[in-house]
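Below is target38.pdb, holding PDB, C-alpha atoms, pLDDT in the B column.
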```pdb
ATOM      1  CA  LEU A1401    -197.688  82.127  53.028  1.00 62.00           C
ATOM      2  CA  ILE A1402    -197.564  81.941  56.816  1.00 67.00           C
ATOM      3  CA  GLN A1403    -199.218  78.516  56.829  1.00 62.00           C
ATOM      4  CA  HIS A1404    -196.708  77.212  54.295  1.00 62.00           C
ATOM      5  CA  SER A1405    -193.803  78.621  56.270  1.00 67.00           C
ATOM      6  CA  LEU A1406    -195.019  76.776  59.384  1.00 65.00           C
ATOM      7  CA  LEU A1407    -194.699  73.495  57.471  1.00 66.00           C
ATOM      8  CA  LEU A1408    -191.011  74.015  56.738  1.00 69.00           C
ATOM      9  CA  PRO A1409    -189.719  72.849  60.165  1.00 66.00           C
ATOM     10  CA  VAL A1410    -191.950  69.774  59.973  1.00 62.00           C
ATOM     11  CA  ILE A1411    -190.747  68.887  56.477  1.00 69.00           C
ATOM     12  CA  PHE A1412    -187.138  69.460  57.510  1.00 63.00           C
ATOM     13  CA  LYS A1413    -187.470  67.176  60.528  1.00 64.00           C
ATOM     14  CA  HIS A1414    -189.149  64.514  58.396  1.00 66.00           C
ATOM     15  CA  ILE A1415    -186.226  64.623  55.950  1.00 73.00           C
ATOM     16  CA  MET A1416    -183.801  64.397  58.873  1.00 70.00           C
ATOM     17  CA  PHE A1417    -185.620  61.331  60.150  1.00 68.00           C
ATOM     18  CA  HIS A1418    -185.229  59.555  56.824  1.00 72.00           C
ATOM     19  CA  PHE A1419    -181.570  60.547  56.621  1.00 76.00           C
ATOM     20  CA  SER A1420    -181.093  59.079  60.086  1.00 81.00           C
ATOM     21  CA  LEU A1421    -182.167  55.681  58.730  1.00 88.00           C
ATOM     22  CA  TYR A1422    -179.101  55.338  56.485  1.00 89.00           C
ATOM     23  CA  PRO A1423    -176.853  54.104  59.342  1.00 90.00           C
ATOM     24  CA  LEU A1424    -179.448  51.443  60.112  1.00 91.00           C
ATOM     25  CA  GLU A1425    -179.399  50.286  56.502  1.00 92.00           C
ATOM     26  CA  GLU A1426    -175.608  50.136  56.660  1.00 91.00           C
ATOM     27  CA  ARG A1427    -175.760  47.907  59.739  1.00 91.00           C
ATOM     28  CA  LEU A1428    -178.262  45.668  57.984  1.00 91.00           C
ATOM     29  CA  GLY A1429    -176.224  45.569  54.811  1.00 92.00           C
ATOM     30  CA  TYR A1430    -179.363  46.282  52.818  1.00 93.00           C
ATOM     31  CA  SER A1431    -180.793  49.452  51.232  1.00 93.00           C
ATOM     32  CA  PHE A1432    -184.558  49.654  50.908  1.00 94.00           C
ATOM     33  CA  ARG A1433    -186.099  50.474  47.563  1.00 93.00           C
ATOM     34  CA  ASN A1434    -189.397  51.277  49.277  1.00 93.00           C
ATOM     35  CA  ARG A1435    -188.638  53.445  52.306  1.00 89.00           C
ATOM     36  CA  ALA A1436    -192.283  53.283  53.420  1.00 90.00           C
ATOM     37  CA  LEU A1437    -191.793  49.606  54.324  1.00 94.00           C
ATOM     38  CA  LEU A1438    -188.823  50.477  56.511  1.00 93.00           C
ATOM     39  CA  GLU A1439    -190.728  53.235  58.282  1.00 91.00           C
ATOM     40  CA  THR A1440    -193.740  50.992  58.889  1.00 93.00           C
ATOM     41  CA  SER A1441    -191.521  48.259  60.358  1.00 94.00           C
ATOM     42  CA  LEU A1442    -190.235  50.765  62.920  1.00 92.00           C
ATOM     43  CA  THR A1443    -193.690  52.063  63.881  1.00 91.00           C
ATOM     44  CA  HIS A1444    -194.784  50.785  67.288  1.00 90.00           C
ATOM     45  CA  PRO A1445    -198.571  50.584  67.888  1.00 89.00           C
ATOM     46  CA  SER A1446    -198.289  53.302  70.558  1.00 86.00           C
ATOM     47  CA  TYR A1447    -197.321  55.749  67.811  1.00 83.00           C
ATOM     48  CA  ILE A1448    -200.617  55.194  65.980  1.00 79.00           C
ATOM     49  CA  THR A1449    -202.618  55.210  69.216  1.00 74.00           C
ATOM     50  CA  SER A1450    -201.066  58.530  70.138  1.00 66.00           C
ATOM     51  CA  GLN A1451    -202.162  60.058  66.847  1.00 60.00           C
ATOM     52  CA  GLU A1452    -205.722  58.824  67.311  1.00 57.00           C
ATOM     53  CA  SER A1453    -205.918  60.211  70.843  1.00 55.00           C
ATOM     54  CA  THR A1454    -204.591  63.597  69.761  1.00 51.00           C
ATOM     55  CA  ASN A1455    -207.003  64.145  66.881  1.00 44.00           C
ATOM     56  CA  ARG A1456    -204.644  62.610  64.334  1.00 46.00           C
ATOM     57  CA  LEU A1457    -201.696  64.965  64.633  1.00 46.00           C
ATOM     58  CA  ASN A1458    -199.462  65.164  61.596  1.00 52.00           C
ATOM     59  CA  PRO A1459    -197.403  61.926  61.684  1.00 49.00           C
ATOM     60  CA  LEU A1460    -194.325  63.906  60.676  1.00 50.00           C
ATOM     61  CA  LEU A1461    -194.347  65.729  64.010  1.00 50.00           C
ATOM     62  CA  ILE A1462    -193.946  62.545  66.047  1.00 49.00           C
ATOM     63  CA  ALA A1463    -191.634  60.775  63.604  1.00 48.00           C
ATOM     64  CA  ALA A1464    -189.314  63.761  63.410  1.00 48.00           C
ATOM     65  CA  ASP A1465    -188.802  63.955  67.175  1.00 49.00           C
ATOM     66  CA  HIS A1466    -186.839  60.680  67.080  1.00 50.00           C
ATOM     67  CA  CYS A1467    -184.384  60.985  64.212  1.00 51.00           C
ATOM     68  CA  GLY A1468    -182.155  58.358  65.772  1.00 49.00           C
ATOM     69  CA  LEU A1469    -181.904  60.117  69.152  1.00 47.00           C
ATOM     70  CA  LEU A1470    -184.439  58.254  71.279  1.00 49.00           C
ATOM     71  CA  LYS A1471    -183.267  57.541  74.844  1.00 51.00           C
ATOM     72  CA  PRO A1472    -185.792  55.293  76.614  1.00 51.00           C
ATOM     73  CA  ARG A1473    -186.525  55.591  80.335  1.00 48.00           C
ATOM     74  CA  PHE A1474    -188.097  52.794  82.306  1.00 46.00           C
ATOM     75  CA  ARG A1475    -190.360  52.506  85.319  1.00 45.00           C
ATOM     76  CA  THR A1476    -189.405  50.296  88.217  1.00 44.00           C
ATOM     77  CA  ASN A1477    -191.371  48.062  90.593  1.00 44.00           C
ATOM     78  CA  ILE A1478    -194.226  47.433  88.181  1.00 44.00           C
ATOM     79  CA  GLU A1479    -195.882  44.103  88.807  1.00 45.00           C
ATOM     80  CA  GLY A1480    -197.423  41.965  86.109  1.00 46.00           C
ATOM     81  CA  SER A1481    -196.887  41.914  82.376  1.00 47.00           C
ATOM     82  CA  PRO A1482    -198.913  43.873  79.819  1.00 50.00           C
ATOM     83  CA  HIS A1483    -198.508  41.099  77.235  1.00 52.00           C
ATOM     84  CA  LYS A1484    -201.287  38.579  76.815  1.00 57.00           C
ATOM     85  CA  LYS A1485    -200.609  35.300  75.083  1.00 59.00           C
ATOM     86  CA  PRO A1486    -203.118  34.788  72.263  1.00 59.00           C
ATOM     87  CA  LYS A1487    -205.363  31.731  72.430  1.00 64.00           C
ATOM     88  CA  SER A1488    -204.704  28.844  70.080  1.00 63.00           C
ATOM     89  CA  GLY A1489    -206.884  26.416  68.123  1.00 66.00           C
ATOM     90  CA  LEU A1490    -210.493  27.075  67.189  1.00 65.00           C
ATOM     91  CA  GLU A1491    -211.013  29.289  70.222  1.00 70.00           C
ATOM     92  CA  GLY A1492    -208.161  31.517  69.140  1.00 65.00           C
ATOM     93  CA  LEU A1493    -209.448  31.626  65.551  1.00 63.00           C
ATOM     94  CA  SER A1494    -212.909  32.623  66.738  1.00 66.00           C
ATOM     95  CA  GLN A1495    -211.407  35.350  68.938  1.00 67.00           C
ATOM     96  CA  ALA A1496    -209.330  36.704  66.034  1.00 61.00           C
ATOM     97  CA  VAL A1497    -212.352  36.852  63.727  1.00 59.00           C
ATOM     98  CA  ASN A1498    -214.418  38.672  66.355  1.00 65.00           C
ATOM     99  CA  GLU A1499    -211.651  41.191  67.019  1.00 63.00           C
ATOM    100  CA  LYS A1500    -211.288  41.795  63.280  1.00 55.00           C
ATOM    101  CA  GLY A1501    -214.973  42.557  63.018  1.00 56.00           C
ATOM    102  CA  GLU A1502    -214.812  45.022  65.898  1.00 52.00           C
ATOM    103  CA  LYS A1503    -211.830  46.857  64.427  1.00 52.00           C
ATOM    104  CA  GLU A1504    -212.994  47.072  60.818  1.00 47.00           C
ATOM    105  CA  GLU A1505    -215.212  50.048  61.608  1.00 44.00           C
ATOM    106  CA  GLU A1506    -212.249  51.890  63.102  1.00 46.00           C
ATOM    107  CA  ILE A1507    -209.922  51.372  60.127  1.00 46.00           C
ATOM    108  CA  CYS A1508    -209.207  54.479  58.097  1.00 47.00           C
ATOM    109  CA  ASP A1509    -206.533  55.895  55.827  1.00 51.00           C
ATOM    110  CA  GLY A1510    -203.275  56.798  57.530  1.00 54.00           C
ATOM    111  CA  PRO A1511    -200.007  55.355  58.785  1.00 64.00           C
ATOM    112  CA  SER A1512    -199.928  51.747  59.961  1.00 85.00           C
ATOM    113  CA  ASP A1513    -198.113  50.140  62.865  1.00 91.00           C
ATOM    114  CA  ASN A1514    -195.708  47.228  62.481  1.00 93.00           C
ATOM    115  CA  GLU A1515    -197.866  44.416  63.894  1.00 94.00           C
ATOM    116  CA  ARG A1516    -198.770  42.856  60.533  1.00 95.00           C
ATOM    117  CA  MET A1517    -195.160  43.118  59.403  1.00 96.00           C
ATOM    118  CA  GLU A1518    -194.088  41.539  62.695  1.00 96.00           C
ATOM    119  CA  PHE A1519    -196.358  38.570  61.922  1.00 96.00           C
ATOM    120  CA  LEU A1520    -194.711  38.136  58.532  1.00 97.00           C
ATOM    121  CA  GLY A1521    -191.187  38.694  59.825  1.00 97.00           C
ATOM    122  CA  ASP A1522    -191.663  36.089  62.546  1.00 96.00           C
ATOM    123  CA  ALA A1523    -192.466  33.510  59.857  1.00 97.00           C
ATOM    124  CA  VAL A1524    -189.500  34.618  57.728  1.00 97.00           C
ATOM    125  CA  ILE A1525    -187.068  34.296  60.633  1.00 97.00           C
ATOM    126  CA  GLU A1526    -188.488  30.914  61.611  1.00 97.00           C
ATOM    127  CA  PHE A1527    -188.227  29.595  58.045  1.00 97.00           C
ATOM    128  CA  LEU A1528    -184.673  30.840  57.483  1.00 96.00           C
ATOM    129  CA  THR A1529    -183.548  29.445  60.838  1.00 96.00           C
ATOM    130  CA  SER A1530    -185.223  26.100  60.117  1.00 97.00           C
ATOM    131  CA  ASP A1531    -183.603  25.897  56.690  1.00 96.00           C
ATOM    132  CA  HIS A1532    -180.184  26.728  58.134  1.00 96.00           C
ATOM    133  CA  LEU A1533    -180.447  24.157  60.922  1.00 97.00           C
ATOM    134  CA  TYR A1534    -181.785  21.469  58.566  1.00 97.00           C
ATOM    135  CA  HIS A1535    -178.697  21.697  56.368  1.00 96.00           C
ATOM    136  CA  MET A1536    -176.213  22.297  59.182  1.00 96.00           C
ATOM    137  CA  PHE A1537    -177.269  19.266  61.255  1.00 96.00           C
ATOM    138  CA  PRO A1538    -178.315  16.475  58.846  1.00 95.00           C
ATOM    139  CA  ASP A1539    -178.191  13.834  61.605  1.00 95.00           C
ATOM    140  CA  TYR A1540    -180.453  15.641  64.080  1.00 96.00           C
ATOM    141  CA  THR A1541    -184.061  14.572  64.628  1.00 96.00           C
ATOM    142  CA  ASP A1542    -186.959  16.960  64.155  1.00 95.00           C
ATOM    143  CA  GLY A1543    -187.311  17.252  67.936  1.00 96.00           C
ATOM    144  CA  GLN A1544    -183.688  18.288  68.321  1.00 96.00           C
ATOM    145  CA  LEU A1545    -183.999  20.823  65.498  1.00 97.00           C
ATOM    146  CA  VAL A1546    -187.091  22.342  67.122  1.00 96.00           C
ATOM    147  CA  ILE A1547    -185.231  22.777  70.406  1.00 96.00           C
ATOM    148  CA  TYR A1548    -182.331  24.492  68.646  1.00 95.00           C
ATOM    149  CA  ARG A1549    -184.677  26.730  66.686  1.00 96.00           C
ATOM    150  CA  LYS A1550    -186.608  27.812  69.769  1.00 95.00           C
ATOM    151  CA  ALA A1551    -183.363  28.656  71.538  1.00 95.00           C
ATOM    152  CA  LEU A1552    -182.073  30.714  68.610  1.00 95.00           C
ATOM    153  CA  ILE A1553    -185.171  32.772  67.874  1.00 95.00           C
ATOM    154  CA  CYS A1554    -186.471  33.387  71.389  1.00 94.00           C
ATOM    155  CA  ASN A1555    -187.410  36.965  72.257  1.00 93.00           C
ATOM    156  CA  GLN A1556    -184.324  37.408  74.414  1.00 94.00           C
ATOM    157  CA  ASN A1557    -181.968  36.677  71.505  1.00 95.00           C
ATOM    158  CA  LEU A1558    -183.979  38.779  69.085  1.00 96.00           C
ATOM    159  CA  ALA A1559    -183.883  41.679  71.542  1.00 95.00           C
ATOM    160  CA  THR A1560    -180.101  41.292  71.824  1.00 94.00           C
ATOM    161  CA  ILE A1561    -179.748  41.523  68.052  1.00 95.00           C
ATOM    162  CA  ALA A1562    -182.057  44.546  68.047  1.00 94.00           C
ATOM    163  CA  LYS A1563    -179.824  46.256  70.607  1.00 94.00           C
ATOM    164  CA  ARG A1564    -176.752  45.573  68.471  1.00 93.00           C
ATOM    165  CA  LEU A1565    -178.542  47.249  65.580  1.00 93.00           C
ATOM    166  CA  GLU A1566    -179.544  50.069  67.978  1.00 92.00           C
ATOM    167  CA  LEU A1567    -183.156  49.838  66.858  1.00 92.00           C
ATOM    168  CA  GLU A1568    -184.236  51.853  69.901  1.00 90.00           C
ATOM    169  CA  LYS A1569    -182.837  54.927  68.143  1.00 90.00           C
ATOM    170  CA  TYR A1570    -185.155  54.504  65.205  1.00 91.00           C
ATOM    171  CA  MET A1571    -188.382  53.125  66.697  1.00 89.00           C
ATOM    172  CA  LEU A1572    -191.373  55.422  66.259  1.00 87.00           C
ATOM    173  CA  SER A1573    -193.201  55.256  69.566  1.00 84.00           C
ATOM    174  CA  THR A1574    -194.672  57.316  72.375  1.00 82.00           C
ATOM    175  CA  LYS A1575    -194.855  56.832  76.124  1.00 75.00           C
ATOM    176  CA  CYS A1576    -197.048  53.899  77.095  1.00 73.00           C
ATOM    177  CA  PHE A1577    -197.212  51.183  79.750  1.00 71.00           C
ATOM    178  CA  GLU A1578    -195.742  48.530  77.466  1.00 73.00           C
ATOM    179  CA  LEU A1579    -192.545  50.523  76.942  1.00 76.00           C
ATOM    180  CA  SER A1580    -192.217  51.740  80.522  1.00 75.00           C
ATOM    181  CA  THR A1581    -190.418  48.637  81.797  1.00 83.00           C
ATOM    182  CA  GLN A1582    -187.168  47.065  80.686  1.00 83.00           C
ATOM    183  CA  ASP A1583    -188.867  43.747  79.876  1.00 88.00           C
ATOM    184  CA  GLY A1584    -191.613  45.476  77.939  1.00 87.00           C
ATOM    185  CA  PHE A1585    -189.172  47.559  75.955  1.00 88.00           C
ATOM    186  CA  SER A1586    -187.011  44.518  75.155  1.00 91.00           C
ATOM    187  CA  HIS A1587    -190.129  42.715  73.967  1.00 92.00           C
ATOM    188  CA  ALA A1588    -190.973  45.665  71.707  1.00 93.00           C
ATOM    189  CA  GLN A1589    -187.431  45.650  70.332  1.00 94.00           C
ATOM    190  CA  ALA A1590    -187.710  41.952  69.464  1.00 95.00           C
ATOM    191  CA  ASN A1591    -191.034  42.613  67.747  1.00 95.00           C
ATOM    192  CA  THR A1592    -189.508  45.487  65.798  1.00 95.00           C
ATOM    193  CA  LEU A1593    -186.682  43.244  64.610  1.00 96.00           C
ATOM    194  CA  GLU A1594    -189.249  40.721  63.351  1.00 96.00           C
ATOM    195  CA  ALA A1595    -191.128  43.518  61.582  1.00 96.00           C
ATOM    196  CA  LEU A1596    -187.872  44.723  60.066  1.00 96.00           C
ATOM    197  CA  MET A1597    -187.207  41.263  58.638  1.00 96.00           C
ATOM    198  CA  GLY A1598    -190.735  41.272  57.255  1.00 96.00           C
ATOM    199  CA  ALA A1599    -190.011  44.593  55.571  1.00 96.00           C
ATOM    200  CA  VAL A1600    -186.789  43.253  54.041  1.00 96.00           C
ATOM    201  CA  TYR A1601    -188.705  40.255  52.702  1.00 96.00           C
ATOM    202  CA  LEU A1602    -191.424  42.441  51.167  1.00 96.00           C
ATOM    203  CA  ASP A1603    -188.865  44.798  49.661  1.00 96.00           C
ATOM    204  CA  GLY A1604    -186.202  42.379  48.448  1.00 94.00           C
ATOM    205  CA  GLY A1605    -187.582  38.867  48.667  1.00 94.00           C
ATOM    206  CA  LEU A1606    -186.235  35.758  50.342  1.00 93.00           C
ATOM    207  CA  LYS A1607    -182.743  36.081  48.867  1.00 92.00           C
ATOM    208  CA  HIS A1608    -182.030  39.403  50.531  1.00 93.00           C
ATOM    209  CA  SER A1609    -183.747  38.283  53.734  1.00 94.00           C
ATOM    210  CA  ARG A1610    -181.329  35.376  53.907  1.00 92.00           C
ATOM    211  CA  GLU A1611    -178.353  37.683  53.362  1.00 91.00           C
ATOM    212  CA  VAL A1612    -179.468  40.015  56.141  1.00 85.00           C
TER     213      VAL A1612
END
```

Produce structure tokens that represent the structure in this file.
Amino acid sequence: LIQHSLLLPVIFKHIMFHFSLYPLEERLGYSFRNRALLETSLTHPSYITSQESTNRLNPLLIAADHCGLLKPRFRTNIEGSPHKKPKSGLEGLSQAVNEKGEKEEEICDGPSDNERMEFLGDAVIEFLTSDHLYHMFPDYTDGQLVIYRKALICNQNLATIAKRLELEKYMLSTKCFELSTQDGFSHAQANTLEALMGAVYLDGGLKHSREV
């Protein structure tokens, strides 16, 4: 009985977290049928890493601490960037395959971060933007359309949209180097927006993604 009673605050906070997502859905103009997709899209890799380093604490405990009330703090005077640009071509493919092999042994059941969804959402945003520009500017060359597209979907603009949606209130994350600087946090916000678009696509298809 005592053990069950200790779970009540955790369950209550988890419910509060999901209730806190309704304002986000209102801003998006879209209600998710599968709430798990929405939660995954908001899960920064640091959240999963934190669970692994703390003997897999109940994910509800970390998720519930946010509930739309996260107020990020940033470090100052940090040189360098924690982001590494992935290699391209055959070298990049070989690197990806090797990394996959190294991580397969570590994969286990449990919550996932939003990196795969970010990959999908990036493609969704790029396609929708390309389609929009193609029909809006029928006289533009492919080179001109590429320039416009790059300008529209750059990380800076995506981060601005994420701030308008106040995604920082809903991101599931813990303290880490990547989020300790303003640039790093803005980059994470842009990634979360891409993951969110990926979640909308998986939940509602291309039609609803276009509407969002």

*Using all atoms listed in the file, determine which residues lie at most 9 Å from A:Arg1610, disregarding the query and same-chain residues fewer than 5 positions distant; provide the list as a list in words.*
Ile1525, Leu1528, Tyr1601 and Gly1605 of chain A

*With a distance cut-off of 10 Å and only C-alpha atoms, select the neighbouring residues of A:Gly1604, excluding the residue or stretch itself and same-chain residues fewer than 2 positions from it, and output the selection as JSON, numbers by chain.*
{"A": [1430, 1431, 1432, 1433, 1434, 1598, 1599, 1600, 1601, 1602, 1606, 1607, 1608, 1609]}

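The gap separating atom CA of A:Ser1446 from atom CA of A:Thr1581 is 14.5 Å, in Å to one decimal.
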
*Got a sec to resolve the PyMOL selection byres ((chain A and resi 1510-1519) around 9) on this structure and send the residues as number ranges by chain?*
A: 1437, 1439-1448, 1459, 1507-1509, 1520-1524, 1591-1599

Expected file: the selected residues, C-alpha atoms, as a PDB file, in the coordinates of the input:
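selection.pdb written:
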```
ATOM      1  CA  LEU A1437    -191.793  49.606  54.324  1.00 94.00           C
ATOM      2  CA  GLU A1439    -190.728  53.235  58.282  1.00 91.00           C
ATOM      3  CA  THR A1440    -193.740  50.992  58.889  1.00 93.00           C
ATOM      4  CA  SER A1441    -191.521  48.259  60.358  1.00 94.00           C
ATOM      5  CA  LEU A1442    -190.235  50.765  62.920  1.00 92.00           C
ATOM      6  CA  THR A1443    -193.690  52.063  63.881  1.00 91.00           C
ATOM      7  CA  HIS A1444    -194.784  50.785  67.288  1.00 90.00           C
ATOM      8  CA  PRO A1445    -198.571  50.584  67.888  1.00 89.00           C
ATOM      9  CA  SER A1446    -198.289  53.302  70.558  1.00 86.00           C
ATOM     10  CA  TYR A1447    -197.321  55.749  67.811  1.00 83.00           C
ATOM     11  CA  ILE A1448    -200.617  55.194  65.980  1.00 79.00           C
ATOM     12  CA  PRO A1459    -197.403  61.926  61.684  1.00 49.00           C
ATOM     13  CA  ILE A1507    -209.922  51.372  60.127  1.00 46.00           C
ATOM     14  CA  CYS A1508    -209.207  54.479  58.097  1.00 47.00           C
ATOM     15  CA  ASP A1509    -206.533  55.895  55.827  1.00 51.00           C
ATOM     16  CA  LEU A1520    -194.711  38.136  58.532  1.00 97.00           C
ATOM     17  CA  GLY A1521    -191.187  38.694  59.825  1.00 97.00           C
ATOM     18  CA  ASP A1522    -191.663  36.089  62.546  1.00 96.00           C
ATOM     19  CA  ALA A1523    -192.466  33.510  59.857  1.00 97.00           C
ATOM     20  CA  VAL A1524    -189.500  34.618  57.728  1.00 97.00           C
ATOM     21  CA  ASN A1591    -191.034  42.613  67.747  1.00 95.00           C
ATOM     22  CA  THR A1592    -189.508  45.487  65.798  1.00 95.00           C
ATOM     23  CA  LEU A1593    -186.682  43.244  64.610  1.00 96.00           C
ATOM     24  CA  GLU A1594    -189.249  40.721  63.351  1.00 96.00           C
ATOM     25  CA  ALA A1595    -191.128  43.518  61.582  1.00 96.00           C
ATOM     26  CA  LEU A1596    -187.872  44.723  60.066  1.00 96.00           C
ATOM     27  CA  MET A1597    -187.207  41.263  58.638  1.00 96.00           C
ATOM     28  CA  GLY A1598    -190.735  41.272  57.255  1.00 96.00           C
ATOM     29  CA  ALA A1599    -190.011  44.593  55.571  1.00 96.00           C
TER      30      ALA A1599
END
```

*Record the distance separating atom CA of A:Leu1567 and atom CA of A:Gln1589, expressed in Å with one decimal.*
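According to the coordinates, atom CA of A:Leu1567 and atom CA of A:Gln1589 are separated by 6.9 Å.
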
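Closest approach to A:Gln1556 among A:His1418, A:Ala1436, A:Glu1491, A:His1587 is made by A:His1587 (distances from all atoms listed in the file).
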
_Residue among A:Val1546, A:Leu1428, A:Leu1438, A:Leu1579 lying closest to A:Ile1561, counting only C-alpha atoms_ =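 Using only C-alpha atoms, A:Ile1561 sits closest to A:Leu1428.
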
*Of the candidates A:Leu1545, A:Thr1574, A:Glu1568, A:Met1536, which shows the shortest atom-to-atom distance to A:Thr1449, using all atoms listed in the file?*
A:Thr1574

Show me, as lines of an AutoDock Vina configuration file, the centre and edge lengths in Å to one decimal of the axis-aligned box that covers every listed atom of stretch 1518-1528 of chain A with 8 Å on each side.
```
center_x = -190.5
center_y = 35.6
center_z = 60.1
size_x = 27.7
size_y = 27.9
size_z = 21.2
```

*A:Leu1552, A:Ala1588, A:Met1416, A:Ala1559 ranked by distance to A:Met1571, top pick (using only C-alpha atoms)*: A:Ala1588

*Could you check how far atom CA of A:Thr1529 sits from atom CA of A:Gly1584, in Å to one decimal?*
24.8 Å

*For A:Gly1429, which residue out of A:Gly1543, A:Glu1578, A:Leu1565, A:Ser1573 is the nearest one, using only C-alpha atoms?*
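Of the candidates, the smallest distance to A:Gly1429 is held by A:Leu1565.
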